[in-house]
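Listing of target17.cif, mmCIF, C-alpha atoms; chains and numbers go by the auth columns
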```cif
data_my_file
#
loop_
_atom_site.group_PDB
_atom_site.id
_atom_site.type_symbol
_atom_site.label_atom_id
_atom_site.label_comp_id
_atom_site.label_asym_id
_atom_site.label_seq_id
_atom_site.Cartn_x
_atom_site.Cartn_y
_atom_site.Cartn_z
_atom_site.B_iso_or_equiv
_atom_site.auth_seq_id
_atom_site.auth_asym_id
ATOM 1 C CA TRP A 1 23.277 9.635 28.732 0.00 1 A
ATOM 2 C CA HIS A 2 22.209 8.663 32.211 0.00 2 A
ATOM 3 C CA GLU A 3 24.160 5.428 31.745 0.00 3 A
ATOM 4 C CA THR A 4 27.529 6.660 30.462 0.00 4 A
ATOM 5 C CA ILE A 5 29.314 4.197 32.727 0.00 5 A
ATOM 6 C CA LEU A 6 27.713 0.753 33.078 0.00 6 A
ATOM 7 C CA LEU A 7 28.703 -1.558 35.903 0.00 7 A
ATOM 8 C CA LYS A 8 28.403 -5.138 34.711 0.00 8 A
ATOM 9 C CA TYR A 9 28.994 -8.324 36.653 0.00 9 A
ATOM 10 C CA ASP A 10 30.576 -11.354 34.999 0.00 10 A
ATOM 11 C CA ASN A 11 31.380 -14.354 37.212 0.00 11 A
ATOM 12 C CA LEU A 12 31.219 -12.071 40.246 0.00 12 A
ATOM 13 C CA ASN A 13 33.892 -9.809 38.766 0.00 13 A
ATOM 14 C CA LEU A 14 33.101 -6.236 37.838 0.00 14 A
ATOM 15 C CA VAL A 15 33.582 -5.640 34.161 0.00 15 A
ATOM 16 C CA ARG A 16 34.370 -1.988 33.545 0.00 16 A
ATOM 17 C CA GLU A 17 33.375 -0.701 30.199 0.00 17 A
ATOM 18 C CA HIS A 18 32.500 2.583 28.651 0.00 18 A
ATOM 19 C CA SER A 19 29.886 1.161 26.327 0.00 19 A
ATOM 20 C CA TYR A 20 29.294 2.310 22.826 0.00 20 A
ATOM 21 C CA HIS A 21 27.213 5.342 23.728 0.00 21 A
ATOM 22 C CA SER A 22 28.508 7.235 20.736 0.00 22 A
ATOM 23 C CA THR A 23 26.476 4.887 18.550 0.00 23 A
ATOM 24 C CA MET A 24 23.707 3.822 20.919 0.00 24 A
ATOM 25 C CA SER A 25 20.284 3.934 19.413 0.00 25 A
ATOM 26 C CA MET A 26 17.595 6.373 20.401 0.00 26 A
ATOM 27 C CA ASN A 27 14.207 4.956 21.300 0.00 27 A
ATOM 28 C CA ILE A 28 10.866 6.626 21.887 0.00 28 A
ATOM 29 C CA PHE A 29 10.963 6.037 25.656 0.00 29 A
ATOM 30 C CA ARG A 30 14.362 7.650 26.075 0.00 30 A
ATOM 31 C CA LEU A 31 13.430 10.580 23.847 0.00 31 A
ATOM 32 C CA CYS A 32 10.155 11.177 25.706 0.00 32 A
ATOM 33 C CA GLY A 33 11.953 10.863 29.028 0.00 33 A
ATOM 34 C CA ASP A 34 14.586 13.383 27.976 0.00 34 A
ATOM 35 C CA MET A 35 12.002 15.822 26.688 0.00 35 A
ATOM 36 C CA SER A 36 9.919 15.441 29.846 0.00 36 A
ATOM 37 C CA HIS A 37 12.982 16.261 31.938 0.00 37 A
ATOM 38 C CA VAL A 38 13.880 19.282 29.826 0.00 38 A
ATOM 39 C CA PHE A 39 10.276 20.495 29.869 0.00 39 A
ATOM 40 C CA SER A 40 10.131 20.213 33.667 0.00 40 A
ATOM 41 C CA ILE A 41 13.189 22.464 33.969 0.00 41 A
ATOM 42 C CA ILE A 42 11.764 24.982 31.490 0.00 42 A
ATOM 43 C CA VAL A 43 8.491 25.070 33.431 0.00 43 A
ATOM 44 C CA LEU A 44 10.316 25.735 36.702 0.00 44 A
ATOM 45 C CA LEU A 45 12.491 28.485 35.217 0.00 45 A
ATOM 46 C CA LEU A 46 9.374 30.045 33.691 0.00 46 A
ATOM 47 C CA ARG A 47 7.579 29.850 37.025 0.00 47 A
ATOM 48 C CA LEU A 48 10.470 31.602 38.815 0.00 48 A
ATOM 49 C CA ARG A 49 10.752 34.337 36.183 0.00 49 A
ATOM 50 C CA VAL A 50 7.028 35.004 35.829 0.00 50 A
ATOM 51 C CA ALA A 51 5.938 34.758 39.458 0.00 51 A
ATOM 52 C CA LYS A 52 9.102 36.457 40.770 0.00 52 A
ATOM 53 C CA ASN A 53 8.998 34.304 43.883 0.00 53 A
ATOM 54 C CA ALA A 54 10.264 30.969 45.138 0.00 54 A
ATOM 55 C CA GLN A 55 7.361 30.049 47.375 0.00 55 A
ATOM 56 C CA GLY A 56 6.707 26.325 47.301 0.00 56 A
ATOM 57 C CA ILE A 57 10.082 25.583 45.677 0.00 57 A
ATOM 58 C CA SER A 58 12.764 23.590 47.479 0.00 58 A
ATOM 59 C CA LEU A 59 16.288 24.926 47.092 0.00 59 A
ATOM 60 C CA ARG A 60 17.593 21.752 48.720 0.00 60 A
ATOM 61 C CA THR A 61 16.121 19.511 46.046 0.00 61 A
ATOM 62 C CA HIS A 62 17.920 21.481 43.355 0.00 62 A
ATOM 63 C CA GLU A 63 21.179 21.453 45.270 0.00 63 A
ATOM 64 C CA LEU A 64 20.849 17.659 45.315 0.00 64 A
ATOM 65 C CA PHE A 65 20.077 17.504 41.596 0.00 65 A
ATOM 66 C CA LEU A 66 23.069 19.725 40.845 0.00 66 A
ATOM 67 C CA LEU A 67 25.272 17.352 42.818 0.00 67 A
ATOM 68 C CA VAL A 68 23.730 14.429 40.898 0.00 68 A
ATOM 69 C CA PHE A 69 24.659 15.953 37.545 0.00 69 A
ATOM 70 C CA LEU A 70 28.149 17.045 38.595 0.00 70 A
ATOM 71 C CA THR A 71 29.034 13.573 39.865 0.00 71 A
ATOM 72 C CA ARG A 72 27.369 11.703 36.989 0.00 72 A
ATOM 73 C CA TYR A 73 28.849 13.658 34.119 0.00 73 A
ATOM 74 C CA THR A 74 32.523 13.536 35.076 0.00 74 A
ATOM 75 C CA ASP A 75 33.244 12.186 31.599 0.00 75 A
ATOM 76 C CA LEU A 76 31.996 15.354 29.927 0.00 76 A
ATOM 77 C CA PHE A 77 35.509 16.615 29.149 0.00 77 A
ATOM 78 C CA THR A 78 37.199 13.225 28.756 0.00 78 A
ATOM 79 C CA THR A 79 34.936 11.188 26.471 0.00 79 A
ATOM 80 C CA TYR A 80 32.854 12.322 23.507 0.00 80 A
ATOM 81 C CA TYR A 81 29.785 10.207 22.726 0.00 81 A
ATOM 82 C CA SER A 82 27.616 12.479 20.594 0.00 82 A
ATOM 83 C CA LEU A 83 26.598 16.096 20.227 0.00 83 A
ATOM 84 C CA TYR A 84 23.176 15.292 21.691 0.00 84 A
ATOM 85 C CA ASN A 85 24.783 13.630 24.713 0.00 85 A
ATOM 86 C CA SER A 86 27.144 16.526 25.402 0.00 86 A
ATOM 87 C CA VAL A 87 24.522 19.226 24.902 0.00 87 A
ATOM 88 C CA MET A 88 22.086 17.584 27.292 0.00 88 A
ATOM 89 C CA LYS A 89 24.737 17.169 29.987 0.00 89 A
ATOM 90 C CA VAL A 90 25.757 20.818 29.757 0.00 90 A
ATOM 91 C CA LEU A 91 22.088 21.864 29.678 0.00 91 A
ATOM 92 C CA TYR A 92 21.278 19.987 32.891 0.00 92 A
ATOM 93 C CA ILE A 93 24.272 21.355 34.763 0.00 93 A
ATOM 94 C CA ALA A 94 23.776 24.931 33.525 0.00 94 A
ATOM 95 C CA THR A 95 20.022 25.140 34.109 0.00 95 A
ATOM 96 C CA THR A 96 20.158 23.512 37.533 0.00 96 A
ATOM 97 C CA SER A 97 22.994 25.852 38.535 0.00 97 A
ATOM 98 C CA SER A 98 20.834 28.741 37.349 0.00 98 A
ATOM 99 C CA ILE A 99 17.924 27.574 39.491 0.00 99 A
ATOM 100 C CA VAL A 100 20.124 27.270 42.585 0.00 100 A
ATOM 101 C CA TYR A 101 21.669 30.702 41.953 0.00 101 A
ATOM 102 C CA THR A 102 18.281 32.323 41.388 0.00 102 A
ATOM 103 C CA ILE A 103 16.733 30.973 44.582 0.00 103 A
ATOM 104 C CA ARG A 104 19.816 31.692 46.670 0.00 104 A
ATOM 105 C CA LEU A 105 20.962 35.079 45.411 0.00 105 A
ATOM 106 C CA GLN A 106 18.739 36.769 42.826 0.00 106 A
ATOM 107 C CA GLU A 107 16.376 39.447 44.081 0.00 107 A
ATOM 108 C CA PRO A 108 13.472 39.678 44.515 0.00 108 A
ATOM 109 C CA ILE A 109 13.136 35.890 44.181 0.00 109 A
ATOM 110 C CA CYS A 110 15.607 34.940 46.903 0.00 110 A
ATOM 111 C CA SER A 111 13.764 37.075 49.457 0.00 111 A
ATOM 112 C CA THR A 112 10.622 34.999 48.944 0.00 112 A
ATOM 113 C CA TYR A 113 12.335 31.656 49.510 0.00 113 A
ATOM 114 C CA ASP A 114 10.912 30.188 52.727 0.00 114 A
ATOM 115 C CA LYS A 115 13.718 28.406 54.563 0.00 115 A
ATOM 116 C CA ALA A 116 11.356 27.535 57.389 0.00 116 A
ATOM 117 C CA GLN A 117 9.417 25.193 55.089 0.00 117 A
ATOM 118 C CA ASP A 118 12.459 23.726 53.328 0.00 118 A
ATOM 119 C CA THR A 119 14.035 21.993 56.320 0.00 119 A
ATOM 120 C CA PHE A 120 14.906 18.497 55.108 0.00 120 A
ATOM 121 C CA ARG A 121 18.498 17.877 56.231 0.00 121 A
ATOM 122 C CA HIS A 122 19.706 16.803 52.824 0.00 122 A
ATOM 123 C CA TRP A 123 23.416 16.561 53.551 0.00 123 A
ATOM 124 C CA GLU A 124 22.841 14.294 56.545 0.00 124 A
ATOM 125 C CA PHE A 125 19.884 12.209 55.332 0.00 125 A
ATOM 126 C CA ALA A 126 20.465 12.090 51.572 0.00 126 A
ATOM 127 C CA VAL A 127 24.057 12.824 50.554 0.00 127 A
ATOM 128 C CA ALA A 128 25.868 11.012 53.382 0.00 128 A
ATOM 129 C CA PRO A 129 23.799 7.785 53.288 0.00 129 A
ATOM 130 C CA CYS A 130 23.962 7.632 49.482 0.00 130 A
ATOM 131 C CA ALA A 131 27.745 8.087 49.605 0.00 131 A
ATOM 132 C CA VAL A 132 28.063 5.184 52.052 0.00 132 A
ATOM 133 C CA VAL A 133 25.750 2.882 50.077 0.00 133 A
ATOM 134 C CA ALA A 134 27.438 3.779 46.774 0.00 134 A
ATOM 135 C CA THR A 135 30.885 3.059 48.218 0.00 135 A
ATOM 136 C CA LEU A 136 29.742 -0.305 49.574 0.00 136 A
ATOM 137 C CA THR A 137 28.091 -1.203 46.256 0.00 137 A
ATOM 138 C CA HIS A 138 31.225 -0.211 44.388 0.00 138 A
ATOM 139 C CA LEU A 139 33.590 -2.182 46.634 0.00 139 A
ATOM 140 C CA ILE A 140 31.368 -5.272 46.843 0.00 140 A
ATOM 141 C CA GLY A 141 31.194 -5.271 43.051 0.00 141 A
ATOM 142 C CA GLY A 142 34.991 -5.445 42.897 0.00 142 A
ATOM 143 C CA GLY A 143 35.710 -1.787 42.180 0.00 143 A
ATOM 144 C CA GLY A 144 38.765 0.019 43.473 0.00 144 A
ATOM 145 C CA LEU A 145 39.352 3.524 44.739 0.00 145 A
ATOM 146 C CA PHE A 146 42.674 4.520 43.289 0.00 146 A
ATOM 147 C CA SER A 147 42.255 4.994 39.537 0.00 147 A
ATOM 148 C CA PHE A 148 40.374 7.669 37.634 0.00 148 A
ATOM 149 C CA LEU A 149 38.037 5.056 36.139 0.00 149 A
ATOM 150 C CA ASP A 150 37.318 3.650 39.594 0.00 150 A
ATOM 151 C CA LEU A 151 36.475 7.143 40.847 0.00 151 A
ATOM 152 C CA GLN A 152 34.211 7.783 37.869 0.00 152 A
ATOM 153 C CA GLU A 153 32.330 4.542 38.510 0.00 153 A
ATOM 154 C CA LEU A 154 31.973 5.330 42.209 0.00 154 A
ATOM 155 C CA LEU A 155 30.650 8.844 41.516 0.00 155 A
ATOM 156 C CA TRP A 156 28.256 7.510 38.879 0.00 156 A
ATOM 157 C CA THR A 157 26.866 4.943 41.334 0.00 157 A
ATOM 158 C CA PHE A 158 26.543 7.666 43.974 0.00 158 A
ATOM 159 C CA SER A 159 24.597 9.862 41.541 0.00 159 A
ATOM 160 C CA ILE A 160 22.130 7.042 40.824 0.00 160 A
ATOM 161 C CA TYR A 161 21.371 6.552 44.504 0.00 161 A
ATOM 162 C CA LEU A 162 21.183 10.283 45.196 0.00 162 A
ATOM 163 C CA GLU A 163 18.820 11.007 42.310 0.00 163 A
ATOM 164 C CA ALA A 164 16.393 8.447 43.721 0.00 164 A
ATOM 165 C CA VAL A 165 15.811 10.628 46.812 0.00 165 A
ATOM 166 C CA ALA A 166 16.622 14.111 45.501 0.00 166 A
ATOM 167 C CA ILE A 167 12.949 15.028 45.079 0.00 167 A
ATOM 168 C CA LEU A 168 12.141 14.375 48.762 0.00 168 A
ATOM 169 C CA PRO A 169 12.741 17.962 50.000 0.00 169 A
ATOM 170 C CA GLN A 170 10.446 19.291 47.245 0.00 170 A
ATOM 171 C CA LEU A 171 7.658 16.856 48.078 0.00 171 A
ATOM 172 C CA ILE A 172 7.918 17.764 51.768 0.00 172 A
ATOM 173 C CA VAL A 173 7.682 21.479 50.965 0.00 173 A
ATOM 174 C CA LEU A 174 4.581 20.922 48.823 0.00 174 A
ATOM 175 C CA GLN A 175 3.017 18.842 51.579 0.00 175 A
ATOM 176 C CA ARG A 176 3.513 21.729 53.996 0.00 176 A
ATOM 177 C CA TYR A 177 2.093 24.329 51.630 0.00 177 A
ATOM 178 C CA ARG A 178 -0.759 22.023 50.558 0.00 178 A
ATOM 179 C CA GLU A 179 -1.962 24.432 47.848 0.00 179 A
ATOM 180 C CA VAL A 180 0.194 23.737 44.785 0.00 180 A
ATOM 181 C CA GLU A 181 0.516 26.366 42.056 0.00 181 A
ATOM 182 C CA ASN A 182 -0.209 25.154 38.542 0.00 182 A
ATOM 183 C CA LEU A 183 3.322 25.617 37.160 0.00 183 A
ATOM 184 C CA THR A 184 4.913 24.075 40.252 0.00 184 A
ATOM 185 C CA GLY A 185 2.619 21.066 39.960 0.00 185 A
ATOM 186 C CA ASN A 186 3.454 20.687 36.271 0.00 186 A
ATOM 187 C CA TYR A 187 7.169 20.883 37.024 0.00 187 A
ATOM 188 C CA VAL A 188 7.029 18.068 39.593 0.00 188 A
ATOM 189 C CA PHE A 189 4.747 15.951 37.386 0.00 189 A
ATOM 190 C CA PHE A 190 7.099 16.064 34.407 0.00 190 A
ATOM 191 C CA MET A 191 10.073 15.312 36.645 0.00 191 A
ATOM 192 C CA GLY A 192 8.320 12.163 37.808 0.00 192 A
ATOM 193 C CA ALA A 193 7.252 11.247 34.286 0.00 193 A
ATOM 194 C CA TYR A 194 10.862 11.531 33.116 0.00 194 A
ATOM 195 C CA ARG A 195 12.039 8.897 35.570 0.00 195 A
ATOM 196 C CA ALA A 196 9.114 6.538 34.867 0.00 196 A
ATOM 197 C CA LEU A 197 9.849 6.747 31.140 0.00 197 A
ATOM 198 C CA TYR A 198 13.530 6.090 31.749 0.00 198 A
ATOM 199 C CA ILE A 199 12.744 2.848 33.563 0.00 199 A
ATOM 200 C CA VAL A 200 10.913 1.646 30.455 0.00 200 A
ATOM 201 C CA ASN A 201 13.853 2.867 28.345 0.00 201 A
ATOM 202 C CA TRP A 202 16.354 0.817 30.375 0.00 202 A
ATOM 203 C CA VAL A 203 14.282 -2.355 30.131 0.00 203 A
ATOM 204 C CA PHE A 204 13.649 -1.803 26.412 0.00 204 A
ATOM 205 C CA ARG A 205 17.360 -1.348 25.716 0.00 205 A
ATOM 206 C CA ALA A 206 18.294 -4.440 27.741 0.00 206 A
ATOM 207 C CA TYR A 207 16.078 -6.551 25.477 0.00 207 A
ATOM 208 C CA TYR A 208 16.576 -4.872 22.125 0.00 208 A
ATOM 209 C CA GLU A 209 19.973 -3.126 22.165 0.00 209 A
ATOM 210 C CA PRO A 210 22.911 -5.503 21.612 0.00 210 A
ATOM 211 C CA GLY A 211 25.452 -5.368 24.417 0.00 211 A
ATOM 212 C CA TYR A 212 23.206 -3.505 26.851 0.00 212 A
ATOM 213 C CA ARG A 213 22.394 -5.542 29.947 0.00 213 A
ATOM 214 C CA HIS A 214 19.989 -5.283 32.856 0.00 214 A
ATOM 215 C CA HIS A 215 21.363 -3.080 35.637 0.00 215 A
ATOM 216 C CA TRP A 216 19.576 -3.865 38.854 0.00 216 A
ATOM 217 C CA VAL A 217 20.912 -0.947 40.904 0.00 217 A
ATOM 218 C CA VAL A 218 19.546 1.433 38.281 0.00 218 A
ATOM 219 C CA TYR A 219 16.208 -0.386 38.194 0.00 219 A
ATOM 220 C CA PHE A 220 15.898 -0.352 41.981 0.00 220 A
ATOM 221 C CA CYS A 221 16.706 3.346 42.301 0.00 221 A
ATOM 222 C CA GLY A 222 14.437 4.231 39.386 0.00 222 A
ATOM 223 C CA VAL A 223 11.505 2.384 40.944 0.00 223 A
ATOM 224 C CA VAL A 224 12.128 3.995 44.358 0.00 224 A
ATOM 225 C CA GLN A 225 12.249 7.432 42.754 0.00 225 A
ATOM 226 C CA THR A 226 9.042 6.837 40.802 0.00 226 A
ATOM 227 C CA LEU A 227 7.219 5.495 43.878 0.00 227 A
ATOM 228 C CA LEU A 228 8.062 8.683 45.767 0.00 228 A
ATOM 229 C CA TYR A 229 5.963 10.521 43.175 0.00 229 A
ATOM 230 C CA ALA A 230 3.022 8.108 43.357 0.00 230 A
ATOM 231 C CA ASP A 231 0.967 10.054 45.900 0.00 231 A
ATOM 232 C CA PHE A 232 1.682 13.329 44.105 0.00 232 A
ATOM 233 C CA PHE A 233 0.681 11.799 40.733 0.00 233 A
ATOM 234 C CA TYR A 234 -2.634 10.665 42.142 0.00 234 A
ATOM 235 C CA TYR A 235 -3.686 14.064 43.482 0.00 235 A
ATOM 236 C CA TYR A 236 -2.249 15.878 40.450 0.00 236 A
ATOM 237 C CA LEU A 237 -4.308 13.786 38.027 0.00 237 A
ATOM 238 C CA MET A 238 -7.404 14.062 40.217 0.00 238 A
ATOM 239 C CA SER A 239 -7.105 17.860 40.239 0.00 239 A
ATOM 240 C CA LYS A 240 -6.778 17.901 36.446 0.00 240 A
ATOM 241 C CA ARG A 241 -9.835 15.679 36.141 0.00 241 A
ATOM 242 C CA ARG A 242 -11.922 17.920 38.414 0.00 242 A
ATOM 243 C CA GLY A 243 -10.525 21.095 36.941 0.00 243 A
ATOM 244 C CA GLY A 244 -10.177 22.683 40.355 0.00 244 A
ATOM 245 C CA ARG A 245 -7.295 23.808 42.536 0.00 245 A
ATOM 246 C CA PHE A 246 -4.528 21.333 43.207 0.00 246 A
ATOM 247 C CA SER A 247 -4.286 20.594 46.929 0.00 247 A
ATOM 248 C CA LEU A 248 -2.390 17.908 48.779 0.00 248 A
ATOM 249 C CA PRO A 249 -3.813 16.266 51.911 0.00 249 A
ATOM 250 C CA THR A 250 -2.313 17.006 55.294 0.00 250 A
ATOM 251 C CA ALA A 251 -1.677 14.806 58.282 0.00 251 A
ATOM 252 C CA GLN A 252 -2.623 17.650 60.607 0.00 252 A
ATOM 253 C CA LYS A 253 -6.038 17.550 62.250 0.00 253 A
#
```
Write out the structure in this file as structure tokens.
Amino acid sequence: WHETILLKYDNLNLVREHSYHSTMSMNIFRLCGDMSHVFSIIVLLLRLRVAKNAQGISLRTHELFLLVFLTRYTDLFTTYYSLYNSVMKVLYIATTSSIVYTIRLQEPICSTYDKAQDTFRHWEFAVAPCAVVATLTHLIGGGGLFSFLDLQELLWTFSIYLEAVAILPQLIVLQRYREVENLTGNYVFFMGAYRALYIVNWVFRAYYEPGYRHHWVVYFCGVVQTLLYADFFYYYLMSKRRGGRFSLPTAQK
């Protein structure tokens, strides 16, 4: 469902099409990616409920993810693809909203949220640049700004760019804390695994699903997002191999 609107180029003209997602085939990479994403959210909600604190969790990352889902799934009430598609969209929006609400307002968890560590200026250095790049990509591709379909395409493109960098505030917070709790580490790992699996899903579909084409903006953003996790993956897997505490290196001397 992450590709409900596909931007395709044909002789330098943008071909707008809501592809046949109601009948699109499921493959093992997409299913594993979806389940990894869902599991990451469950792990985070469990961590917040059990630990009763938000230490080491970035509110700003989840505000970005909520914005990603709200701008990507604008077709939720206009186009029906499948029950699975609709349920997953609602699940992402509802659970991410719950995470944001819990960290912001629910006691005693909100009192433990450390704003001093979560300082990445996400509106200035994530949302604004992604909005500019998405608008340029949309206009260069031949898109307009005045129809509902044009707006949907623009918001979808924006959500792809924004998701690529949405994890940055969380990674910065973990770098500052250094010691990463087990559930927090698992949450971030499965978030990264979800995106890596989705890259394979996109490539697989482009070769084996009739009518589905390569989408280079999606590939680029997916690779950037996965690379942001690379350092975390390395230390996460090393900690699992050693069986000790999970710690990230610091630049401080």
Applying 9 Å and all atoms listed in the file, which residues near Thr102 of chain A remain after dropping the ones on its own chain fewer than 6 positions away? List them as a list in words.
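Non-adjacent residues within range: Leu48, Ala54, Ile109 and Cys110 of chain A.
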Dump of C-alpha atoms for the selected residues, as a tab-separated table (two decimals), in the frame of the given file:
```
chain	number	residue	atom	x	y	z
A	48	LEU	CA	10.47	31.60	38.82
A	54	ALA	CA	10.26	30.97	45.14
A	109	ILE	CA	13.14	35.89	44.18
A	110	CYS	CA	15.61	34.94	46.90
```
When you look at segment 37-44 of chain A with a cut-off of 7 Å (counting all atoms listed in the file), what residues show up, excluding the ones that are within fewer than 3 positions of it in the same chain? I need them as a ChimeraX atom specification.
/A:33-34,47-48,183-184,187,190-191,194
Set the distance at 12 Å and use only C-alpha atoms: which residues neighbour Leu162 of chain A once local chain neighbours fewer than 3 positions away are removed? I'd like the list as an NGL selection string.
:A and (61-72 or 122-123 or 125-134 or 155-159 or 165-168 or 218 or 221-222 or 224-225)
Keeping only C-alpha atoms, write those residues as a JSON list (two decimals), in the frame of the given file.
```json
[["chain", "number", "residue", "atom", "x", "y", "z"],
["A", 61, "THR", "CA", 16.12, 19.51, 46.05],
["A", 62, "HIS", "CA", 17.92, 21.48, 43.36],
["A", 63, "GLU", "CA", 21.18, 21.45, 45.27],
["A", 64, "LEU", "CA", 20.85, 17.66, 45.32],
["A", 65, "PHE", "CA", 20.08, 17.50, 41.60],
["A", 66, "LEU", "CA", 23.07, 19.73, 40.84],
["A", 67, "LEU", "CA", 25.27, 17.35, 42.82],
["A", 68, "VAL", "CA", 23.73, 14.43, 40.90],
["A", 69, "PHE", "CA", 24.66, 15.95, 37.54],
["A", 70, "LEU", "CA", 28.15, 17.05, 38.60],
["A", 71, "THR", "CA", 29.03, 13.57, 39.86],
["A", 72, "ARG", "CA", 27.37, 11.70, 36.99],
["A", 122, "HIS", "CA", 19.71, 16.80, 52.82],
["A", 123, "TRP", "CA", 23.42, 16.56, 53.55],
["A", 125, "PHE", "CA", 19.88, 12.21, 55.33],
["A", 126, "ALA", "CA", 20.46, 12.09, 51.57],
["A", 127, "VAL", "CA", 24.06, 12.82, 50.55],
["A", 128, "ALA", "CA", 25.87, 11.01, 53.38],
["A", 129, "PRO", "CA", 23.80, 7.78, 53.29],
["A", 130, "CYS", "CA", 23.96, 7.63, 49.48],
["A", 131, "ALA", "CA", 27.74, 8.09, 49.60],
["A", 132, "VAL", "CA", 28.06, 5.18, 52.05],
["A", 133, "VAL", "CA", 25.75, 2.88, 50.08],
["A", 134, "ALA", "CA", 27.44, 3.78, 46.77],
["A", 155, "LEU", "CA", 30.65, 8.84, 41.52],
["A", 156, "TRP", "CA", 28.26, 7.51, 38.88],
["A", 157, "THR", "CA", 26.87, 4.94, 41.33],
["A", 158, "PHE", "CA", 26.54, 7.67, 43.97],
["A", 159, "SER", "CA", 24.60, 9.86, 41.54],
["A", 165, "VAL", "CA", 15.81, 10.63, 46.81],
["A", 166, "ALA", "CA", 16.62, 14.11, 45.50],
["A", 167, "ILE", "CA", 12.95, 15.03, 45.08],
["A", 168, "LEU", "CA", 12.14, 14.38, 48.76],
["A", 218, "VAL", "CA", 19.55, 1.43, 38.28],
["A", 221, "CYS", "CA", 16.71, 3.35, 42.30],
["A", 222, "GLY", "CA", 14.44, 4.23, 39.39],
["A", 224, "VAL", "CA", 12.13, 4.00, 44.36],
["A", 225, "GLN", "CA", 12.25, 7.43, 42.75]]
```
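Counting from atom CA of Asp118 of chain A, the distance to atom CA of Leu154 of chain A is 29.0 Å.
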List every protein, DNA or RNA residue with an atom no more than 7 Å from (6.3, 22.8, 52.3) in the file's coordinates, counting all atoms listed in the file, and format the result as a list of chain:residue names.
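Residues with an atom at most 7 Å from (6.3, 22.8, 52.3): A:Gly56, A:Gln117, A:Asp118, A:Ile172, A:Val173, A:Leu174, A:Gln175, A:Arg176, A:Tyr177.
Taking atom CA of Ser86 of chain A and atom CA of Asp150 of chain A as the two end points, the separation is 21.7 Å.
Closest approach to Gly185 of chain A among A:Ile57, A:Val200, A:Leu83, A:Val217 is made by A:Ile57 (distances from only C-alpha atoms).
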Going by the chain IDs and residue numbers used in this file, which residues fall under the PyMOL selection byres ((chain A and resi 233) around 12)? Write them as a PDB file with C-alpha atoms, keeping the file's coordinate frame.
```
ATOM      1  CA  LEU A 171       7.658  16.856  48.078  1.00  0.00           C
ATOM      2  CA  GLY A 185       2.619  21.066  39.960  1.00  0.00           C
ATOM      3  CA  ASN A 186       3.454  20.687  36.271  1.00  0.00           C
ATOM      4  CA  TYR A 187       7.169  20.883  37.024  1.00  0.00           C
ATOM      5  CA  VAL A 188       7.029  18.068  39.593  1.00  0.00           C
ATOM      6  CA  PHE A 189       4.747  15.951  37.386  1.00  0.00           C
ATOM      7  CA  PHE A 190       7.099  16.064  34.407  1.00  0.00           C
ATOM      8  CA  MET A 191      10.073  15.312  36.645  1.00  0.00           C
ATOM      9  CA  GLY A 192       8.320  12.163  37.808  1.00  0.00           C
ATOM     10  CA  ALA A 193       7.252  11.247  34.286  1.00  0.00           C
ATOM     11  CA  ALA A 196       9.114   6.538  34.867  1.00  0.00           C
ATOM     12  CA  THR A 226       9.042   6.837  40.802  1.00  0.00           C
ATOM     13  CA  LEU A 227       7.219   5.495  43.878  1.00  0.00           C
ATOM     14  CA  LEU A 228       8.062   8.683  45.767  1.00  0.00           C
ATOM     15  CA  TYR A 229       5.963  10.521  43.175  1.00  0.00           C
ATOM     16  CA  ALA A 230       3.022   8.108  43.357  1.00  0.00           C
ATOM     17  CA  ASP A 231       0.967  10.054  45.900  1.00  0.00           C
ATOM     18  CA  PHE A 232       1.682  13.329  44.105  1.00  0.00           C
ATOM     19  CA  TYR A 234      -2.634  10.665  42.142  1.00  0.00           C
ATOM     20  CA  TYR A 235      -3.686  14.064  43.482  1.00  0.00           C
ATOM     21  CA  TYR A 236      -2.249  15.878  40.450  1.00  0.00           C
ATOM     22  CA  LEU A 237      -4.308  13.786  38.027  1.00  0.00           C
ATOM     23  CA  MET A 238      -7.404  14.062  40.217  1.00  0.00           C
ATOM     24  CA  SER A 239      -7.105  17.860  40.239  1.00  0.00           C
ATOM     25  CA  LYS A 240      -6.778  17.901  36.446  1.00  0.00           C
ATOM     26  CA  PHE A 246      -4.528  21.333  43.207  1.00  0.00           C
ATOM     27  CA  SER A 247      -4.286  20.594  46.929  1.00  0.00           C
ATOM     28  CA  LEU A 248      -2.390  17.908  48.779  1.00  0.00           C
TER      29      LEU A 248
END
```
Counting only C-alpha atoms, figure out which residue out of A:Met88, A:Leu59, A:Met35, A:Leu139 gets nearest to Leu105 of chain A.
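The shortest atom-to-atom distance to Leu105 of chain A comes from A:Leu59.
Going from atom CA of Gln170 of chain A over to atom CA of Ser58 of chain A, you cover 4.9 Å.
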If you count all atoms listed in the file, which residues fall within 8 Å of Leu197 of chain A, apart from same-chain ones fewer than 6 positions away, as a CSV table (one decimal) with C-alpha atoms, keeping the file's coordinate frame?
```
chain,number,residue,atom,x,y,z
A,29,PHE,CA,11.0,6.0,25.7
A,30,ARG,CA,14.4,7.6,26.1
A,32,CYS,CA,10.2,11.2,25.7
A,33,GLY,CA,12.0,10.9,29.0
```
